[in-house]
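File shown: run33.cif. Contents: mmCIF, C-alpha atoms, pLDDT in the B column; chains and numbers go by the auth columns.
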```
data_entry
#
loop_
_atom_site.group_PDB
_atom_site.id
_atom_site.type_symbol
_atom_site.label_atom_id
_atom_site.label_comp_id
_atom_site.label_asym_id
_atom_site.label_seq_id
_atom_site.Cartn_x
_atom_site.Cartn_y
_atom_site.Cartn_z
_atom_site.B_iso_or_equiv
_atom_site.auth_seq_id
_atom_site.auth_asym_id
ATOM 1 C CA MET A 1 33.292 -32.646 -8.389 55.00 1 O
ATOM 2 C CA SER A 2 31.096 -33.746 -5.503 53.00 2 O
ATOM 3 C CA PRO A 3 30.444 -37.443 -4.950 58.00 3 O
ATOM 4 C CA ARG A 4 27.189 -38.904 -6.186 55.00 4 O
ATOM 5 C CA PRO A 5 24.652 -39.267 -3.360 52.00 5 O
ATOM 6 C CA ARG A 6 24.111 -42.858 -2.265 51.00 6 O
ATOM 7 C CA ALA A 7 20.645 -44.363 -2.365 48.00 7 O
ATOM 8 C CA ARG A 8 19.081 -45.024 0.995 48.00 8 O
ATOM 9 C CA ARG A 9 18.909 -48.750 1.604 50.00 9 O
ATOM 10 C CA ASP A 10 15.884 -48.474 3.873 54.00 10 O
ATOM 11 C CA ALA A 11 13.801 -46.758 1.186 48.00 11 O
ATOM 12 C CA PRO A 12 11.692 -48.743 -1.322 50.00 12 O
ATOM 13 C CA PRO A 13 12.517 -48.633 -5.050 48.00 13 O
ATOM 14 C CA ALA A 14 11.471 -45.313 -6.540 48.00 14 O
ATOM 15 C CA SER A 15 9.744 -46.557 -9.686 45.00 15 O
ATOM 16 C CA VAL A 16 7.768 -49.277 -11.385 46.00 16 O
ATOM 17 C CA SER A 17 10.838 -50.092 -13.451 47.00 17 O
ATOM 18 C CA ALA A 18 12.503 -51.058 -10.189 45.00 18 O
ATOM 19 C CA GLY A 19 9.968 -53.841 -9.841 45.00 19 O
ATOM 20 C CA LEU A 20 7.141 -52.376 -7.799 43.00 20 O
ATOM 21 C CA GLY A 21 4.536 -52.994 -10.481 46.00 21 O
ATOM 22 C CA THR A 22 5.547 -56.532 -11.368 44.00 22 O
ATOM 23 C CA ARG A 23 6.019 -58.259 -8.031 45.00 23 O
ATOM 24 C CA ILE A 24 3.443 -60.773 -6.983 45.00 24 O
ATOM 25 C CA SER A 25 2.714 -60.866 -3.277 47.00 25 O
ATOM 26 C CA LEU A 26 4.371 -63.751 -1.514 56.00 26 O
ATOM 27 C CA GLY A 27 2.399 -66.627 -0.107 62.00 27 O
ATOM 28 C CA GLY A 28 -1.118 -67.805 -0.604 78.00 28 O
ATOM 29 C CA ALA A 29 -3.134 -68.804 -3.610 86.00 29 O
ATOM 30 C CA PRO A 30 -2.954 -67.107 -7.010 86.00 30 O
ATOM 31 C CA GLY A 31 -4.938 -63.886 -7.305 88.00 31 O
ATOM 32 C CA PRO A 32 -7.484 -63.086 -10.031 90.00 32 O
ATOM 33 C CA HIS A 33 -4.878 -61.928 -12.571 92.00 33 O
ATOM 34 C CA ALA A 34 -2.690 -64.966 -11.952 92.00 34 O
ATOM 35 C CA LEU A 35 -5.700 -67.247 -12.408 93.00 35 O
ATOM 36 C CA GLU A 36 -6.499 -65.577 -15.754 94.00 36 O
ATOM 37 C CA VAL A 37 -2.897 -66.072 -16.899 94.00 37 O
ATOM 38 C CA LEU A 38 -2.870 -69.728 -15.822 95.00 38 O
ATOM 39 C CA GLU A 39 -6.198 -70.360 -17.583 95.00 39 O
ATOM 40 C CA ALA A 40 -4.902 -68.751 -20.794 95.00 40 O
ATOM 41 C CA VAL A 41 -1.707 -70.814 -20.726 96.00 41 O
ATOM 42 C CA SER A 42 -3.688 -74.005 -20.104 96.00 42 O
ATOM 43 C CA ARG A 43 -5.585 -73.357 -23.374 96.00 43 O
ATOM 44 C CA ILE A 44 -2.491 -73.233 -25.610 96.00 44 O
ATOM 45 C CA PRO A 45 -2.697 -76.418 -27.688 96.00 45 O
ATOM 46 C CA PRO A 46 0.235 -78.810 -28.164 96.00 46 O
ATOM 47 C CA GLY A 47 2.458 -77.684 -31.034 96.00 47 O
ATOM 48 C CA LYS A 48 1.530 -74.027 -30.501 97.00 48 O
ATOM 49 C CA VAL A 49 3.080 -71.263 -28.383 97.00 49 O
ATOM 50 C CA MET A 50 2.419 -67.742 -27.186 96.00 50 O
ATOM 51 C CA THR A 51 4.981 -65.174 -26.136 96.00 51 O
ATOM 52 C CA TYR A 52 4.859 -63.704 -22.640 95.00 52 O
ATOM 53 C CA GLY A 53 3.487 -60.504 -24.186 94.00 53 O
ATOM 54 C CA ASP A 54 0.894 -62.451 -26.210 95.00 54 O
ATOM 55 C CA VAL A 55 -0.471 -63.965 -23.005 95.00 55 O
ATOM 56 C CA ALA A 56 -0.703 -60.529 -21.358 95.00 56 O
ATOM 57 C CA GLU A 57 -2.553 -59.187 -24.396 94.00 57 O
ATOM 58 C CA TYR A 58 -4.837 -62.237 -24.478 95.00 58 O
ATOM 59 C CA VAL A 59 -5.925 -61.778 -20.844 94.00 59 O
ATOM 60 C CA GLY A 60 -6.161 -58.019 -21.336 92.00 60 O
ATOM 61 C CA ALA A 61 -3.983 -57.009 -18.403 90.00 61 O
ATOM 62 C CA GLY A 62 -0.417 -56.961 -17.171 90.00 62 O
ATOM 63 C CA SER A 63 2.732 -57.320 -19.206 91.00 63 O
ATOM 64 C CA GLY A 64 5.094 -60.023 -20.347 93.00 64 O
ATOM 65 C CA ARG A 65 6.961 -59.570 -17.080 94.00 65 O
ATOM 66 C CA THR A 66 3.867 -60.173 -14.973 93.00 66 O
ATOM 67 C CA VAL A 67 3.076 -63.282 -17.021 94.00 67 O
ATOM 68 C CA GLY A 68 6.604 -64.549 -16.354 93.00 68 O
ATOM 69 C CA ALA A 69 6.203 -63.830 -12.656 92.00 69 O
ATOM 70 C CA VAL A 70 2.908 -65.735 -12.531 93.00 70 O
ATOM 71 C CA LEU A 71 4.400 -68.732 -14.337 92.00 71 O
ATOM 72 C CA SER A 72 7.476 -68.686 -12.136 90.00 72 O
ATOM 73 C CA ARG A 73 5.354 -68.748 -9.000 90.00 73 O
ATOM 74 C CA PHE A 74 2.300 -70.819 -9.963 89.00 74 O
ATOM 75 C CA GLY A 75 2.972 -72.396 -13.375 86.00 75 O
ATOM 76 C CA ASP A 76 3.851 -75.967 -12.428 87.00 76 O
ATOM 77 C CA GLU A 77 0.392 -77.309 -13.291 90.00 77 O
ATOM 78 C CA VAL A 78 0.075 -75.681 -16.745 94.00 78 O
ATOM 79 C CA PRO A 79 2.092 -76.146 -19.967 95.00 79 O
ATOM 80 C CA TRP A 80 4.545 -73.359 -19.041 95.00 80 O
ATOM 81 C CA HIS A 81 6.927 -74.434 -21.817 95.00 81 O
ATOM 82 C CA ARG A 82 4.435 -73.167 -24.413 96.00 82 O
ATOM 83 C CA VAL A 83 5.083 -69.581 -23.291 96.00 83 O
ATOM 84 C CA ILE A 84 8.286 -68.287 -24.842 96.00 84 O
ATOM 85 C CA ARG A 85 10.263 -65.123 -25.452 95.00 85 O
ATOM 86 C CA ALA A 86 9.402 -62.896 -28.411 95.00 86 O
ATOM 87 C CA THR A 87 12.671 -64.023 -30.039 95.00 87 O
ATOM 88 C CA GLY A 88 11.457 -67.629 -30.124 95.00 88 O
ATOM 89 C CA GLU A 89 13.782 -68.636 -27.300 95.00 89 O
ATOM 90 C CA PRO A 90 12.325 -70.962 -24.677 94.00 90 O
ATOM 91 C CA ASN A 91 11.704 -70.233 -21.011 89.00 91 O
ATOM 92 C CA PRO A 92 14.979 -68.777 -19.681 87.00 92 O
ATOM 93 C CA ALA A 93 14.689 -70.526 -16.302 86.00 93 O
ATOM 94 C CA ALA A 94 14.669 -74.046 -17.798 90.00 94 O
ATOM 95 C CA PRO A 95 15.530 -73.840 -21.513 92.00 95 O
ATOM 96 C CA VAL A 96 16.664 -77.452 -21.939 93.00 96 O
ATOM 97 C CA GLU A 97 13.519 -78.867 -20.317 94.00 97 O
ATOM 98 C CA ALA A 98 11.335 -76.405 -22.227 94.00 98 O
ATOM 99 C CA LEU A 99 12.880 -77.444 -25.557 95.00 99 O
ATOM 100 C CA ARG A 100 12.485 -81.131 -24.652 95.00 100 O
ATOM 101 C CA ARG A 101 8.784 -80.558 -23.993 96.00 101 O
ATOM 102 C CA LEU A 102 8.336 -78.428 -27.125 96.00 102 O
ATOM 103 C CA VAL A 103 9.876 -81.182 -29.249 96.00 103 O
ATOM 104 C CA ALA A 104 7.564 -83.731 -27.590 96.00 104 O
ATOM 105 C CA ASP A 105 4.635 -81.423 -28.483 96.00 105 O
ATOM 106 C CA ARG A 106 5.911 -81.369 -32.101 97.00 106 O
ATOM 107 C CA THR A 107 6.266 -77.604 -31.994 97.00 107 O
ATOM 108 C CA PRO A 108 7.938 -76.250 -35.165 97.00 108 O
ATOM 109 C CA LEU A 109 11.498 -75.122 -34.416 96.00 109 O
ATOM 110 C CA ARG A 110 13.882 -72.961 -36.408 95.00 110 O
ATOM 111 C CA PRO A 111 16.982 -74.490 -38.005 95.00 111 O
ATOM 112 C CA GLY A 112 19.401 -75.335 -35.214 92.00 112 O
ATOM 113 C CA GLY A 113 16.572 -76.470 -32.950 90.00 113 O
ATOM 114 C CA ASP A 114 17.089 -73.930 -30.172 92.00 114 O
ATOM 115 C CA GLN A 115 14.278 -71.491 -31.043 95.00 115 O
ATOM 116 C CA VAL A 116 10.621 -71.869 -31.917 97.00 116 O
ATOM 117 C CA ASP A 117 9.505 -70.929 -35.427 96.00 117 O
ATOM 118 C CA LEU A 118 7.020 -68.272 -34.334 95.00 118 O
ATOM 119 C CA ALA A 119 5.587 -67.832 -37.829 95.00 119 O
ATOM 120 C CA ALA A 120 4.489 -71.475 -37.808 96.00 120 O
ATOM 121 C CA ALA A 121 3.793 -72.078 -34.115 96.00 121 O
ATOM 122 C CA ARG A 122 2.293 -68.859 -32.712 96.00 122 O
ATOM 123 C CA TRP A 123 -1.232 -69.396 -31.383 95.00 123 O
ATOM 124 C CA ASP A 124 -3.668 -66.521 -31.741 91.00 124 O
ATOM 125 C CA GLY A 125 -6.066 -67.730 -29.065 88.00 125 O
ATOM 126 C CA SER A 126 -8.750 -68.945 -31.443 86.00 126 O
ATOM 127 C CA PRO A 127 -10.415 -72.327 -30.813 80.00 127 O
ATOM 128 C CA ALA A 128 -8.655 -75.236 -32.475 65.00 128 O
#
```
Show me, as structure tokens, the structure contained in the file I just sent.
Amino acid sequence: MSPRPRARRDAPPASVSAGLGTRISLGGAPGPHALEVLEAVSRIPPGKVMTYGDVAEYVGAGSGRTVGAVLSRFGDEVPWHRVIRATGEPNPAAPVEALRRLVADRTPLRPGGDQVDLAAARWDGSPA
């Protein structure tokens, strides 16, 4: 049996699944897509949440991963804690702080208090 060929380290990743389609360029101000994501997140009312995928669908572009990348890079000035995983789990980068803020917003949580009750708290993007 011949050994498996090693990937060249000087070559870029071969596919979008390797991250080429989700990386935001480093440096500078947010681009048009990032600005749309940040505007959408800023509209989520207290006590309501959207999943990463919901935000992508709401702005009509990108994916949950691109929304997460935008929030990671530029989300300090918006209510980032109101964007959660589809399982109801809070932001994986700062779950304790996200839950603290969600509780302060009076967001409905599931029994146990570590996940959002999506059936009660999911925002559909309609005006309040």
Which one is closest to Gly64 (chain O): O:Asp105, O:Gly112, O:Ile84, O:Glu77? Count only C-alpha atoms.
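Closest candidate: O:Ile84.
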When you look at region 88-90 of chain O with a cut-off of 7 Å (counting all atoms listed in the file), what residues show up, excluding the ones that are within fewer than 2 positions of it in the same chain? I need them as number ranges by chain.
O: 84-86, 92, 95, 98-99, 114-118
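Counting all atoms listed in the file and comparing O:Val103, O:Ala29, O:Ala61, O:Val83, the residue that lies closest to Val41 (chain O) is O:Val83.
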With 5 Å of padding per side, what axis-aligned box (centre and edge lengths, Å, one decimal) covers all the listed atoms of region 89-100 of chain O? Give it as lines of an AutoDock Vina configuration file.
```
center_x = 14.0
center_y = -74.9
center_z = -21.8
size_x = 15.3
size_y = 22.5
size_z = 21.0
```
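Minimum distance to Trp80 (chain O) across O:Gly47, O:Gly68, O:Pro32, O:Pro108 (counting only C-alpha atoms) occurs at O:Gly68.
With distances restricted to all atoms listed in the file, O:Val55 is the closest residue to Asp124 (chain O) from O:Leu35, O:Ala104, O:Leu109, O:Val55.
Here CA of Leu102 (chain O) stands at a distance of 13.8 Å from CA of Trp123 (chain O).
Between CA of Thr87 (chain O) and CA of Ser63 (chain O) the interatomic distance comes to 16.2 Å.
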Please measure the separation of CA of Gly75 (chain O) and CA of Thr107 (chain O), giving the value in Å to one decimal.
19.6 Å
Go through O:Glu36, O:Pro46, O:Val78, O:Ser126 and flag the residue nearest Gly62 (chain O), using only C-alpha atoms for the distances.
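For Gly62 (chain O), the nearest of the candidates is O:Glu36.
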Looking at all atoms listed in the file, which of O:Pro79, O:Pro111, O:Pro127, O:Pro30 is the one that sits closest to Ser42 (chain O)?
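Checking each candidate against Ser42 (chain O), we get O:Pro79 as the closest.
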